[in-house]
file input27.pdb (PDB, C-alpha atoms, pLDDT in the B column)
ATOM      1  CA  MET A   1       6.940 -11.041   6.187  1.00 92.00           C
ATOM      2  CA  SER A   2       4.100 -13.546   6.113  1.00 94.00           C
ATOM      3  CA  PRO A   3       2.701 -14.855   9.430  1.00 94.00           C
ATOM      4  CA  ASP A   4       4.420 -18.224   8.894  1.00 96.00           C
ATOM      5  CA  GLN A   5       7.739 -16.512   8.244  1.00 96.00           C
ATOM      6  CA  VAL A   6       7.395 -14.446  11.416  1.00 96.00           C
ATOM      7  CA  VAL A   7       6.694 -17.598  13.445  1.00 96.00           C
ATOM      8  CA  PHE A   8       9.904 -19.124  12.076  1.00 96.00           C
ATOM      9  CA  LEU A   9      11.944 -15.973  12.743  1.00 96.00           C
ATOM     10  CA  LYS A  10      10.816 -16.003  16.363  1.00 95.00           C
ATOM     11  CA  THR A  11      12.552 -19.367  16.812  1.00 94.00           C
ATOM     12  CA  PHE A  12      15.784 -17.360  16.897  1.00 93.00           C
ATOM     13  CA  GLY A  13      14.739 -16.108  20.325  1.00 89.00           C
ATOM     14  CA  GLY A  14      16.298 -12.857  21.489  1.00 89.00           C
ATOM     15  CA  LEU A  15      17.863 -12.251  18.087  1.00 93.00           C
ATOM     16  CA  TYR A  16      14.407 -11.646  16.587  1.00 95.00           C
ATOM     17  CA  HIS A  17      13.160  -8.070  16.490  1.00 96.00           C
ATOM     18  CA  GLU A  18       9.690  -6.897  15.444  1.00 96.00           C
ATOM     19  CA  THR A  19      11.172  -4.688  12.712  1.00 97.00           C
ATOM     20  CA  MET A  20      12.030  -7.889  10.831  1.00 97.00           C
ATOM     21  CA  SER A  21       8.338  -8.610  10.289  1.00 96.00           C
ATOM     22  CA  LYS A  22       8.078  -5.416   8.210  1.00 95.00           C
ATOM     23  CA  LEU A  23      10.487  -6.638   5.536  1.00 96.00           C
ATOM     24  CA  PRO A  24       9.185  -8.060   2.229  1.00 96.00           C
ATOM     25  CA  ASP A  25       8.612 -11.808   2.042  1.00 96.00           C
ATOM     26  CA  GLY A  26      11.347 -12.285  -0.556  1.00 97.00           C
ATOM     27  CA  TRP A  27      14.072 -11.216   1.843  1.00 97.00           C
ATOM     28  CA  ILE A  28      13.543 -14.095   4.253  1.00 97.00           C
ATOM     29  CA  GLY A  29      16.690 -15.811   2.900  1.00 97.00           C
ATOM     30  CA  PRO A  30      19.193 -12.993   3.612  1.00 97.00           C
ATOM     31  CA  LEU A  31      17.536 -12.371   6.973  1.00 97.00           C
ATOM     32  CA  VAL A  32      17.758 -16.005   8.088  1.00 97.00           C
ATOM     33  CA  ASP A  33      21.389 -16.182   6.929  1.00 97.00           C
ATOM     34  CA  MET A  34      22.197 -13.207   9.142  1.00 96.00           C
ATOM     35  CA  LEU A  35      20.319 -14.625  12.129  1.00 95.00           C
ATOM     36  CA  GLN A  36      22.091 -17.962  11.781  1.00 94.00           C
ATOM     37  CA  ALA A  37      25.455 -16.199  11.670  1.00 92.00           C
ATOM     38  CA  MET A  38      24.550 -14.189  14.763  1.00 91.00           C
ATOM     39  CA  ARG A  39      23.379 -17.314  16.571  1.00 88.00           C
ATOM     40  CA  GLN A  40      26.742 -18.921  15.908  1.00 85.00           C
ATOM     41  CA  LEU A  41      28.340 -15.925  17.625  1.00 80.00           C
ATOM     42  CA  SER A  42      26.076 -16.544  20.600  1.00 72.00           C
ATOM     43  CA  LEU A  43      27.248 -20.123  21.172  1.00 63.00           C
ATOM     44  CA  VAL A  44      29.148 -19.939  24.436  1.00 51.00           C
ATOM     45  CA  GLU A  45      29.549 -23.684  25.003  1.00 49.00           C
ATOM     46  CA  PRO A  46      29.284 -25.415  21.610  1.00 50.00           C
ATOM     47  CA  ILE A  47      29.305 -28.898  23.160  1.00 49.00           C
ATOM     48  CA  HIS A  48      26.153 -28.230  25.174  1.00 49.00           C
ATOM     49  CA  ALA A  49      24.815 -25.623  22.729  1.00 52.00           C
ATOM     50  CA  LYS A  50      24.331 -23.052  25.470  1.00 56.00           C
ATOM     51  CA  ILE A  51      23.042 -19.824  23.952  1.00 57.00           C
ATOM     52  CA  GLU A  52      23.830 -16.384  25.252  1.00 68.00           C
ATOM     53  CA  THR A  53      22.600 -13.476  23.133  1.00 78.00           C
ATOM     54  CA  TRP A  54      25.438 -11.080  22.450  1.00 85.00           C
ATOM     55  CA  VAL A  55      23.592  -8.440  20.450  1.00 90.00           C
ATOM     56  CA  ALA A  56      20.174  -6.879  19.992  1.00 93.00           C
ATOM     57  CA  LEU A  57      19.280  -6.641  16.329  1.00 95.00           C
ATOM     58  CA  ARG A  58      16.914  -4.466  14.328  1.00 96.00           C
ATOM     59  CA  VAL A  59      16.473  -3.893  10.630  1.00 97.00           C
ATOM     60  CA  GLU A  60      15.358  -0.881   8.658  1.00 96.00           C
ATOM     61  CA  ARG A  61      13.996  -0.616   5.138  1.00 94.00           C
ATOM     62  CA  THR A  62      15.703   2.241   3.302  1.00 91.00           C
ATOM     63  CA  SER A  63      14.910   4.039   0.060  1.00 82.00           C
ATOM     64  CA  THR A  64      18.474   3.914  -1.232  1.00 82.00           C
ATOM     65  CA  SER A  65      20.017   0.608  -0.123  1.00 84.00           C
ATOM     66  CA  GLY A  66      17.202  -1.860   0.346  1.00 92.00           C
ATOM     67  CA  ALA A  67      17.555  -2.690   4.011  1.00 95.00           C
ATOM     68  CA  VAL A  68      20.141  -2.191   6.738  1.00 96.00           C
ATOM     69  CA  ALA A  69      20.676  -4.272   9.874  1.00 96.00           C
ATOM     70  CA  TYR A  70      21.921  -2.782  13.136  1.00 96.00           C
ATOM     71  CA  ALA A  71      23.405  -4.582  16.157  1.00 94.00           C
ATOM     72  CA  SER A  72      23.681  -3.215  19.689  1.00 92.00           C
ATOM     73  CA  PRO A  73      26.091  -5.055  22.064  1.00 89.00           C
ATOM     74  CA  LEU A  74      24.411  -6.612  25.086  1.00 87.00           C
ATOM     75  CA  LEU A  75      27.603  -7.732  26.851  1.00 80.00           C
ATOM     76  CA  SER A  76      30.470  -5.615  28.132  1.00 82.00           C
ATOM     77  CA  PRO A  77      33.378  -4.822  25.751  1.00 81.00           C
ATOM     78  CA  ASP A  78      35.828  -7.022  27.664  1.00 80.00           C
ATOM     79  CA  GLN A  79      33.793 -10.077  26.633  1.00 78.00           C
ATOM     80  CA  TRP A  80      34.168  -9.279  22.951  1.00 81.00           C
ATOM     81  CA  SER A  81      37.113 -10.596  21.000  1.00 82.00           C
ATOM     82  CA  ALA A  82      38.353  -8.955  17.835  1.00 85.00           C
ATOM     83  CA  GLY A  83      37.279 -12.003  15.850  1.00 86.00           C
ATOM     84  CA  ARG A  84      33.754 -11.994  17.244  1.00 85.00           C
ATOM     85  CA  ALA A  85      33.333  -8.270  16.561  1.00 88.00           C
ATOM     86  CA  SER A  86      34.611  -8.711  13.018  1.00 91.00           C
ATOM     87  CA  ALA A  87      32.273 -11.641  12.376  1.00 90.00           C
ATOM     88  CA  CYS A  88      29.343  -9.608  13.668  1.00 92.00           C
ATOM     89  CA  LEU A  89      30.114  -6.726  11.307  1.00 93.00           C
ATOM     90  CA  GLU A  90      30.586  -9.144   8.408  1.00 95.00           C
ATOM     91  CA  ALA A  91      27.144 -10.668   9.034  1.00 95.00           C
ATOM     92  CA  LEU A  92      25.517  -7.220   9.050  1.00 96.00           C
ATOM     93  CA  SER A  93      27.336  -6.211   5.866  1.00 96.00           C
ATOM     94  CA  ALA A  94      26.482  -9.510   4.122  1.00 97.00           C
ATOM     95  CA  PHE A  95      22.789  -8.954   4.870  1.00 97.00           C
ATOM     96  CA  GLY A  96      22.888  -5.458   3.337  1.00 95.00           C
ATOM     97  CA  SER A  97      24.588  -6.767   0.209  1.00 96.00           C
ATOM     98  CA  ALA A  98      22.309  -9.801  -0.114  1.00 97.00           C
ATOM     99  CA  VAL A  99      19.014  -7.896  -0.066  1.00 96.00           C
ATOM    100  CA  LYS A 100      20.200  -5.703  -2.941  1.00 95.00           C
ATOM    101  CA  ALA A 101      20.746  -8.842  -5.024  1.00 96.00           C
ATOM    102  CA  THR A 102      17.479 -10.538  -4.024  1.00 97.00           C
ATOM    103  CA  CYS A 103      13.952  -9.993  -5.355  1.00 96.00           C
ATOM    104  CA  GLU A 104      11.882  -8.700  -2.468  1.00 96.00           C
ATOM    105  CA  LYS A 105       8.794 -10.412  -3.904  1.00 96.00           C
ATOM    106  CA  CYS A 106       9.938 -13.973  -4.555  1.00 96.00           C
ATOM    107  CA  GLY A 107      13.488 -14.308  -3.202  1.00 96.00           C
ATOM    108  CA  HIS A 108      15.045 -15.092  -6.588  1.00 97.00           C
ATOM    109  CA  PRO A 109      18.082 -13.117  -7.815  1.00 97.00           C
ATOM    110  CA  GLY A 110      17.134  -9.489  -8.385  1.00 95.00           C
ATOM    111  CA  THR A 111      18.507  -6.025  -8.866  1.00 95.00           C
ATOM    112  CA  ALA A 112      17.579  -2.415  -8.196  1.00 94.00           C
ATOM    113  CA  CYS A 113      14.603  -1.197 -10.250  1.00 93.00           C
ATOM    114  CA  GLN A 114      13.457   2.405 -10.405  1.00 91.00           C
ATOM    115  CA  ILE A 115       9.643   2.354 -10.205  1.00 88.00           C
ATOM    116  CA  GLY A 116       8.478   5.942 -10.298  1.00 84.00           C
ATOM    117  CA  GLN A 117      10.247   7.643  -7.401  1.00 84.00           C
ATOM    118  CA  MET A 118      10.839   4.372  -5.558  1.00 88.00           C
ATOM    119  CA  THR A 119      13.792   2.001  -5.748  1.00 92.00           C
ATOM    120  CA  LEU A 120      12.688  -1.625  -5.444  1.00 94.00           C
ATOM    121  CA  TYR A 121      14.770  -4.780  -5.658  1.00 96.00           C
ATOM    122  CA  LEU A 122      13.117  -7.168  -8.084  1.00 96.00           C
ATOM    123  CA  CYS A 123      13.742 -10.021 -10.466  1.00 96.00           C
ATOM    124  CA  GLU A 124      13.037  -9.484 -14.157  1.00 95.00           C
ATOM    125  CA  GLU A 125       9.484 -10.870 -13.918  1.00 96.00           C
ATOM    126  CA  HIS A 126       8.404  -8.827 -10.900  1.00 96.00           C
ATOM    127  CA  GLY A 127      10.201  -5.747 -12.236  1.00 95.00           C
ATOM    128  CA  THR A 128       8.111  -5.945 -15.404  1.00 95.00           C
ATOM    129  CA  ILE A 129       4.903  -6.417 -13.388  1.00 95.00           C
ATOM    130  CA  ALA A 130       5.711  -3.430 -11.147  1.00 94.00           C
ATOM    131  CA  LYS A 131       6.381  -1.180 -14.133  1.00 94.00           C
ATOM    132  CA  GLN A 132       3.130  -2.263 -15.796  1.00 94.00           C
ATOM    133  CA  ARG A 133       1.177  -1.520 -12.621  1.00 92.00           C
ATOM    134  CA  LEU A 134       2.775   1.911 -12.330  1.00 91.00           C
ATOM    135  CA  THR A 135       1.878   2.662 -15.944  1.00 91.00           C
ATOM    136  CA  ALA A 136      -1.708   1.593 -15.263  1.00 90.00           C
ATOM    137  CA  LYS A 137      -1.905   3.855 -12.200  1.00 88.00           C
ATOM    138  CA  VAL A 138      -0.547   6.837 -14.135  1.00 88.00           C
ATOM    139  CA  GLU A 139      -3.012   6.225 -16.953  1.00 89.00           C
ATOM    140  CA  ALA A 140      -5.891   5.931 -14.465  1.00 86.00           C
ATOM    141  CA  TYR A 141      -4.851   9.206 -12.820  1.00 86.00           C
ATOM    142  CA  GLU A 142      -4.674  10.971 -16.185  1.00 90.00           C
ATOM    143  CA  GLU A 143      -8.072   9.536 -17.145  1.00 90.00           C
ATOM    144  CA  ARG A 144      -9.601  11.044 -14.013  1.00 89.00           C
ATOM    145  CA  ILE A 145      -8.075  14.426 -14.876  1.00 90.00           C
ATOM    146  CA  ARG A 146      -9.451  14.260 -18.429  1.00 93.00           C
ATOM    147  CA  PHE A 147     -12.882  13.224 -17.217  1.00 94.00           C
ATOM    148  CA  ARG A 148     -13.057  16.019 -14.655  1.00 93.00           C
ATOM    149  CA  ASN A 149     -12.380  18.478 -17.466  1.00 93.00           C
ATOM    150  CA  GLU A 150     -15.213  16.884 -19.462  1.00 95.00           C
ATOM    151  CA  VAL A 151     -17.669  17.474 -16.621  1.00 96.00           C
ATOM    152  CA  SER A 152     -16.131  20.756 -15.436  1.00 95.00           C
ATOM    153  CA  VAL A 153     -19.539  22.460 -15.803  1.00 95.00           C
ATOM    154  CA  LEU A 154     -20.540  20.593 -12.626  1.00 96.00           C
ATOM    155  CA  PHE A 155     -17.851  22.232 -10.499  1.00 95.00           C
ATOM    156  CA  GLN A 156     -17.479  25.778  -9.310  1.00 93.00           C
ATOM    157  CA  GLU A 157     -14.343  27.632 -10.373  1.00 90.00           C
ATOM    158  CA  ASN A 158     -11.343  26.646  -8.219  1.00 89.00           C
ATOM    159  CA  SER A 159     -13.361  23.881  -6.565  1.00 91.00           C
ATOM    160  CA  PRO A 160     -11.087  21.507  -4.599  1.00 91.00           C
ATOM    161  CA  VAL A 161     -13.290  18.499  -5.409  1.00 92.00           C
ATOM    162  CA  THR A 162     -11.290  15.707  -7.067  1.00 90.00           C
ATOM    163  CA  LEU A 163     -12.301  12.413  -8.649  1.00 91.00           C
ATOM    164  CA  HIS A 164      -9.568  10.325  -7.051  1.00 87.00           C
ATOM    165  CA  VAL A 165     -11.580   7.345  -5.838  1.00 91.00           C
ATOM    166  CA  SER A 166     -10.821   3.628  -6.010  1.00 90.00           C
ATOM    167  CA  ASP A 167     -11.009   1.708  -9.279  1.00 89.00           C
ATOM    168  CA  ARG A 168     -14.120  -0.062  -7.990  1.00 92.00           C
ATOM    169  CA  ASN A 169     -16.000   3.180  -7.364  1.00 95.00           C
ATOM    170  CA  PHE A 170     -14.794   5.193 -10.349  1.00 94.00           C
ATOM    171  CA  PRO A 171     -17.205   3.661 -12.924  1.00 95.00           C
ATOM    172  CA  ILE A 172     -20.081   4.359 -10.511  1.00 96.00           C
ATOM    173  CA  LEU A 173     -18.923   7.946 -10.026  1.00 96.00           C
ATOM    174  CA  ARG A 174     -18.379   8.413 -13.746  1.00 96.00           C
ATOM    175  CA  GLN A 175     -21.906   7.283 -14.605  1.00 97.00           C
ATOM    176  CA  ALA A 176     -23.471   9.478 -11.921  1.00 97.00           C
ATOM    177  CA  LEU A 177     -21.640  12.603 -13.085  1.00 97.00           C
ATOM    178  CA  CYS A 178     -22.444  11.881 -16.729  1.00 97.00           C
ATOM    179  CA  ASP A 179     -26.136  11.508 -15.849  1.00 97.00           C
ATOM    180  CA  ILE A 180     -26.114  14.785 -13.892  1.00 97.00           C
ATOM    181  CA  LYS A 181     -24.260  16.600 -16.688  1.00 97.00           C
ATOM    182  CA  LYS A 182     -26.809  15.355 -19.223  1.00 97.00           C
ATOM    183  CA  ILE A 183     -29.604  16.931 -17.181  1.00 96.00           C
ATOM    184  CA  VAL A 184     -27.635  20.185 -16.813  1.00 96.00           C
ATOM    185  CA  ASP A 185     -26.900  20.368 -20.554  1.00 96.00           C
ATOM    186  CA  GLU A 186     -30.396  19.468 -21.718  1.00 96.00           C
ATOM    187  CA  ARG A 187     -32.152  21.897 -19.358  1.00 95.00           C
ATOM    188  CA  GLY A 188     -29.727  24.799 -19.569  1.00 95.00           C
ATOM    189  CA  LEU A 189     -28.773  24.607 -15.893  1.00 95.00           C
ATOM    190  CA  ALA A 190     -25.074  25.459 -16.206  1.00 94.00           C
ATOM    191  CA  GLY A 191     -24.088  27.576 -13.215  1.00 92.00           C
ATOM    192  CA  LYS A 192     -27.112  26.392 -11.220  1.00 93.00           C
ATOM    193  CA  VAL A 193     -26.076  22.821 -10.350  1.00 95.00           C
ATOM    194  CA  PHE A 194     -22.733  22.052  -8.717  1.00 96.00           C
ATOM    195  CA  VAL A 195     -21.201  18.892  -7.307  1.00 96.00           C
ATOM    196  CA  THR A 196     -19.785  19.931  -3.934  1.00 96.00           C
ATOM    197  CA  LYS A 197     -18.463  16.643  -2.565  1.00 95.00           C
ATOM    198  CA  VAL A 198     -16.860  13.482  -3.885  1.00 95.00           C
ATOM    199  CA  ARG A 199     -15.463  11.439  -1.018  1.00 94.00           C
ATOM    200  CA  GLU A 200     -14.606   7.828  -0.323  1.00 94.00           C
ATOM    201  CA  SER A 201     -14.525   6.375   3.169  1.00 91.00           C
ATOM    202  CA  GLU A 202     -13.794   2.709   3.913  1.00 88.00           C
ATOM    203  CA  GLY A 203     -14.679   1.812   0.334  1.00 89.00           C
ATOM    204  CA  GLN A 204     -17.991   3.706   0.367  1.00 93.00           C
ATOM    205  CA  LEU A 205     -18.602   6.519  -2.125  1.00 95.00           C
ATOM    206  CA  PHE A 206     -20.275   9.712  -0.916  1.00 96.00           C
ATOM    207  CA  LEU A 207     -21.555  12.471  -3.208  1.00 96.00           C
ATOM    208  CA  ASN A 208     -23.296  15.765  -2.705  1.00 96.00           C
ATOM    209  CA  ALA A 209     -24.635  18.369  -5.135  1.00 95.00           C
ATOM    210  CA  ARG A 210     -26.056  21.851  -4.679  1.00 94.00           C
ATOM    211  CA  CYS A 211     -29.010  22.306  -6.989  1.00 90.00           C
ATOM    212  CA  ASP A 212     -31.328  24.629  -5.063  1.00 86.00           C
ATOM    213  CA  GLU A 213     -31.592  26.968  -8.080  1.00 87.00           C
ATOM    214  CA  ALA A 214     -33.055  24.172 -10.185  1.00 90.00           C
ATOM    215  CA  ASP A 215     -36.770  23.287 -10.283  1.00 93.00           C
ATOM    216  CA  PRO A 216     -38.057  20.697  -7.776  1.00 94.00           C
ATOM    217  CA  THR A 217     -38.335  17.934 -10.382  1.00 94.00           C
ATOM    218  CA  THR A 218     -34.705  18.392 -11.424  1.00 95.00           C
ATOM    219  CA  GLN A 219     -33.583  18.493  -7.800  1.00 95.00           C
ATOM    220  CA  PHE A 220     -35.366  15.192  -7.168  1.00 96.00           C
ATOM    221  CA  GLU A 221     -33.820  13.562 -10.257  1.00 96.00           C
ATOM    222  CA  ILE A 222     -30.293  14.653  -9.313  1.00 96.00           C
ATOM    223  CA  GLN A 223     -30.681  13.459  -5.732  1.00 96.00           C
ATOM    224  CA  ASP A 224     -32.009  10.166  -7.051  1.00 97.00           C
ATOM    225  CA  ILE A 225     -28.893   9.776  -9.226  1.00 97.00           C
ATOM    226  CA  ILE A 226     -26.678  10.481  -6.197  1.00 97.00           C
ATOM    227  CA  HIS A 227     -28.575   8.062  -3.942  1.00 97.00           C
ATOM    228  CA  HIS A 228     -28.403   5.342  -6.596  1.00 97.00           C
ATOM    229  CA  ALA A 229     -24.648   5.801  -7.015  1.00 96.00           C
ATOM    230  CA  GLN A 230     -24.119   5.610  -3.268  1.00 96.00           C
ATOM    231  CA  TRP A 231     -26.310   2.496  -3.101  1.00 96.00           C
ATOM    232  CA  GLN A 232     -24.279   0.852  -5.867  1.00 95.00           C
ATOM    233  CA  SER A 233     -21.065   1.683  -4.036  1.00 95.00           C
ATOM    234  CA  ASP A 234     -22.461   0.289  -0.790  1.00 94.00           C
ATOM    235  CA  GLN A 235     -23.475  -2.964  -2.486  1.00 93.00           C
ATOM    236  CA  GLY A 236     -20.035  -3.252  -4.068  1.00 89.00           C
ATOM    237  CA  SER A 237     -18.376  -2.658  -0.711  1.00 86.00           C
ATOM    238  CA  LEU A 238     -20.515  -5.321   0.966  1.00 86.00           C
ATOM    239  CA  ALA A 239     -19.694  -7.813  -1.788  1.00 81.00           C
ATOM    240  CA  ALA A 240     -15.956  -7.067  -1.535  1.00 76.00           C
ATOM    241  CA  ASN A 241     -16.009  -7.473   2.256  1.00 70.00           C
ATOM    242  CA  LYS A 242     -17.909 -10.759   1.954  1.00 66.00           C
ATOM    243  CA  GLU A 243     -15.380 -12.064  -0.539  1.00 63.00           C
ATOM    244  CA  THR A 244     -12.531 -11.108   1.794  1.00 57.00           C
ATOM    245  CA  PHE A 245     -14.307 -12.802   4.708  1.00 51.00           C
ATOM    246  CA  ASP A 246     -14.932 -15.986   2.691  1.00 55.00           C
ATOM    247  CA  ASP A 247     -11.274 -16.122   1.600  1.00 56.00           C
ATOM    248  CA  ALA A 248     -10.150 -15.814   5.215  1.00 52.00           C
ATOM    249  CA  ARG A 249     -12.323 -18.713   6.408  1.00 53.00           C
TER
END
call {"tool": "encode", "arguments": {"input": "input27.pdb", "output": "structure tokens"}}
result
Amino acid sequence: MSPDQVVFLKTFGGLYHETMSKLPDGWIGPLVDMLQAMRQLSLVEPIHAKIETWVALRVERTSTSGAVAYASPLLSPDQWSAGRASACLEALSAFGSAVKATCEKCGHPGTACQIGQMTLYLCEEHGTIAKQRLTAKVEAYEERIRFRNEVSVLFQENSPVTLHVSDRNFPILRQALCDIKKIVDERGLAGKVFVTKVRESEGQLFLNARCDEADPTTQFEIQDIIHHAQWQSDQGSLAANKETFDDAR
């Protein structure tokens, strides 16, 4: 939930639970409907609108049914009537049914969508967007696999090094490896130069290569390529952080 939505949910007092803030923004409607129904159950003296919280609520996102709400009685059983208990169960059940018919992104009518191995509840528009994004991620993953095969001469056999870095850093990594491979191919250094590390930490790209069997000039050129790539990544990270900071101001 967005910060503004959480502020509103907290106006329901003891009926609010922190697990509610973890739900998608689009499910604010079903959640508020349930809280309003539960607040009606808590009205002890309707004339003076005295509130006494009867249950403690929590919600849980599930992979098979959207979300489920749970209620734990706070008052002794002798203070519960059959009608109140039934109304409580109906409110919980209505919430579970409503989220499965509501787009978790925008709150418009939605339905279950299978996105990869995940089941999401989306309207037609957001379902299409989610499927397109999944396709793009799969294609990007396959592209990294293909490219690693193209530059396989730079990796020792059974090397665990992967090229799974962010979309922002991948073009930088790709250019660096292509430049190193060009040197290896042109100077017959296959088996003498190996990339031993490709790592990303907090948006920063880190590379390392073992080229001690190459001549000093080649070693310098390869290290220069690596340092330049890491500098480019650092500059990109600084720019991205600045943009995020400016948007937050």
call {"tool": "residues_around", "arguments": {"input": "input27.pdb", "residues": "Asn208 of chain A", "least_positions_apart": "3", "cutoff": "7 Å", "atoms": "only C-alpha atoms", "output": "list in words"}}
result
Val195, Thr196, Lys197 and Val198 of chain A
call {"tool": "residues_around", "arguments": {"input": "input27.pdb", "residues": "segment 149-161 of chain A", "least_positions_apart": "5", "cutoff": "12 Å", "atoms": "only C-alpha atoms", "output": "ChimeraX atom specification"}}
result
/A:142-144,173-185,188-200,207-211,222
call {"tool": "resolve_selection", "arguments": {"input": "input27.pdb", "expression": "the PyMOL selection byres ((chain A and resi 107) around 8)", "output": "ChimeraX atom specification"}}
result
/A:25-29,102-106,108-110
call {"tool": "residues_around", "arguments": {"input": "input27.pdb", "residues": "Lys137 of chain A", "least_positions_apart": "3", "cutoff": "12 Å", "atoms": "all atoms listed in the file", "output": "list in words"}}
result
Ile115, Gly116, Ala130, Lys131, Gln132, Arg133, Leu134, Ala140, Tyr141, Glu142, Glu143, Arg144, His164, Ser166 and Asp167 of chain A
call {"tool": "residues_around", "arguments": {"input": "input27.pdb", "residues": "segment 69-86 of chain A", "least_positions_apart": "5", "cutoff": "6 Å", "atoms": "only C-alpha atoms", "output": "list in words"}}
result
Trp54, Val55, Ala56, Leu57, Arg58, Val59 and Leu92 of chain A
call {"tool": "atom_distance", "arguments": {"input": "input27.pdb", "atom1": "atom CA of Ala91 of chain A", "atom2": "atom CA of Met1 of chain A"}}
result
20.4 Å
call {"tool": "resolve_selection", "arguments": {"input": "input27.pdb", "expression": "the PyMOL selection byres ((chain A and resi 114) around 12)", "output": "list of chain:residue names"}}
result
A:Ser63, A:Thr64, A:Thr111, A:Ala112, A:Cys113, A:Ile115, A:Gly116, A:Gln117, A:Met118, A:Thr119, A:Leu120, A:Tyr121, A:Leu122, A:Gly127, A:Thr128, A:Ala130, A:Lys131, A:Leu134
call {"tool": "atom_distance", "arguments": {"input": "input27.pdb", "atom1": "atom CA of Gly236 of chain A", "atom2": "atom CA of Phe147 of chain A"}}
result
22.3 Å
call {"tool": "decode", "arguments": {"input": "input27.pdb", "residues": "segment 230-243 of chain A", "atoms": "N, CA, C and O atoms", "output": "short mmCIF file (atom, residue, chain, number, x, y, z; two decimals), in the first residue's frame"}}
result
data_model
loop_
_atom_site.label_atom_id
_atom_site.label_comp_id
_atom_site.auth_asym_id
_atom_site.auth_seq_id
_atom_site.Cartn_x
_atom_site.Cartn_y
_atom_site.Cartn_z
N GLN A 230 34.27 0.06 -15.00
CA GLN A 230 33.84 0.30 -13.63
C GLN A 230 33.57 1.78 -13.39
O GLN A 230 32.65 2.14 -12.67
N TRP A 231 34.36 2.65 -14.04
CA TRP A 231 34.12 4.09 -13.94
C TRP A 231 32.78 4.45 -14.58
O TRP A 231 32.00 5.24 -14.01
N GLN A 232 32.51 3.88 -15.75
CA GLN A 232 31.22 4.15 -16.41
C GLN A 232 30.06 3.71 -15.54
O GLN A 232 29.05 4.41 -15.41
N SER A 233 30.19 2.54 -14.93
CA SER A 233 29.14 2.03 -14.06
C SER A 233 28.95 2.95 -12.86
O SER A 233 27.82 3.24 -12.44
N ASP A 234 30.05 3.41 -12.29
CA ASP A 234 29.98 4.31 -11.13
C ASP A 234 29.28 5.60 -11.50
O ASP A 234 28.43 6.10 -10.74
N GLN A 235 29.61 6.17 -12.66
CA GLN A 235 28.97 7.40 -13.10
C GLN A 235 27.47 7.20 -13.32
O GLN A 235 26.64 8.05 -12.97
N GLY A 236 27.13 6.04 -13.91
CA GLY A 236 25.72 5.73 -14.12
C GLY A 236 24.97 5.58 -12.81
O GLY A 236 23.82 6.02 -12.67
N SER A 237 25.62 4.96 -11.83
CA SER A 237 25.01 4.78 -10.52
C SER A 237 24.79 6.11 -9.82
O SER A 237 23.74 6.36 -9.23
N LEU A 238 25.78 7.00 -9.92
CA LEU A 238 25.64 8.33 -9.31
C LEU A 238 24.50 9.12 -9.96
O LEU A 238 23.72 9.78 -9.28
N ALA A 239 24.40 9.01 -11.29
CA ALA A 239 23.34 9.73 -12.00
C ALA A 239 21.97 9.19 -11.62
O ALA A 239 21.02 9.95 -11.42
N ALA A 240 21.86 7.86 -11.49
CA ALA A 240 20.58 7.24 -11.12
C ALA A 240 20.18 7.63 -9.71
O ALA A 240 19.02 7.93 -9.44
N ASN A 241 21.15 7.67 -8.79
CA ASN A 241 20.86 8.05 -7.41
C ASN A 241 20.45 9.52 -7.32
O ASN A 241 19.57 9.88 -6.55
N LYS A 242 21.10 10.37 -8.13
CA LYS A 242 20.74 11.79 -8.14
C LYS A 242 19.33 11.99 -8.65
O LYS A 242 18.55 12.78 -8.11
N GLU A 243 18.99 11.24 -9.69
CA GLU A 243 17.63 11.34 -10.25
C GLU A 243 16.60 10.91 -9.22
O GLU A 243 15.55 11.54 -9.07
#
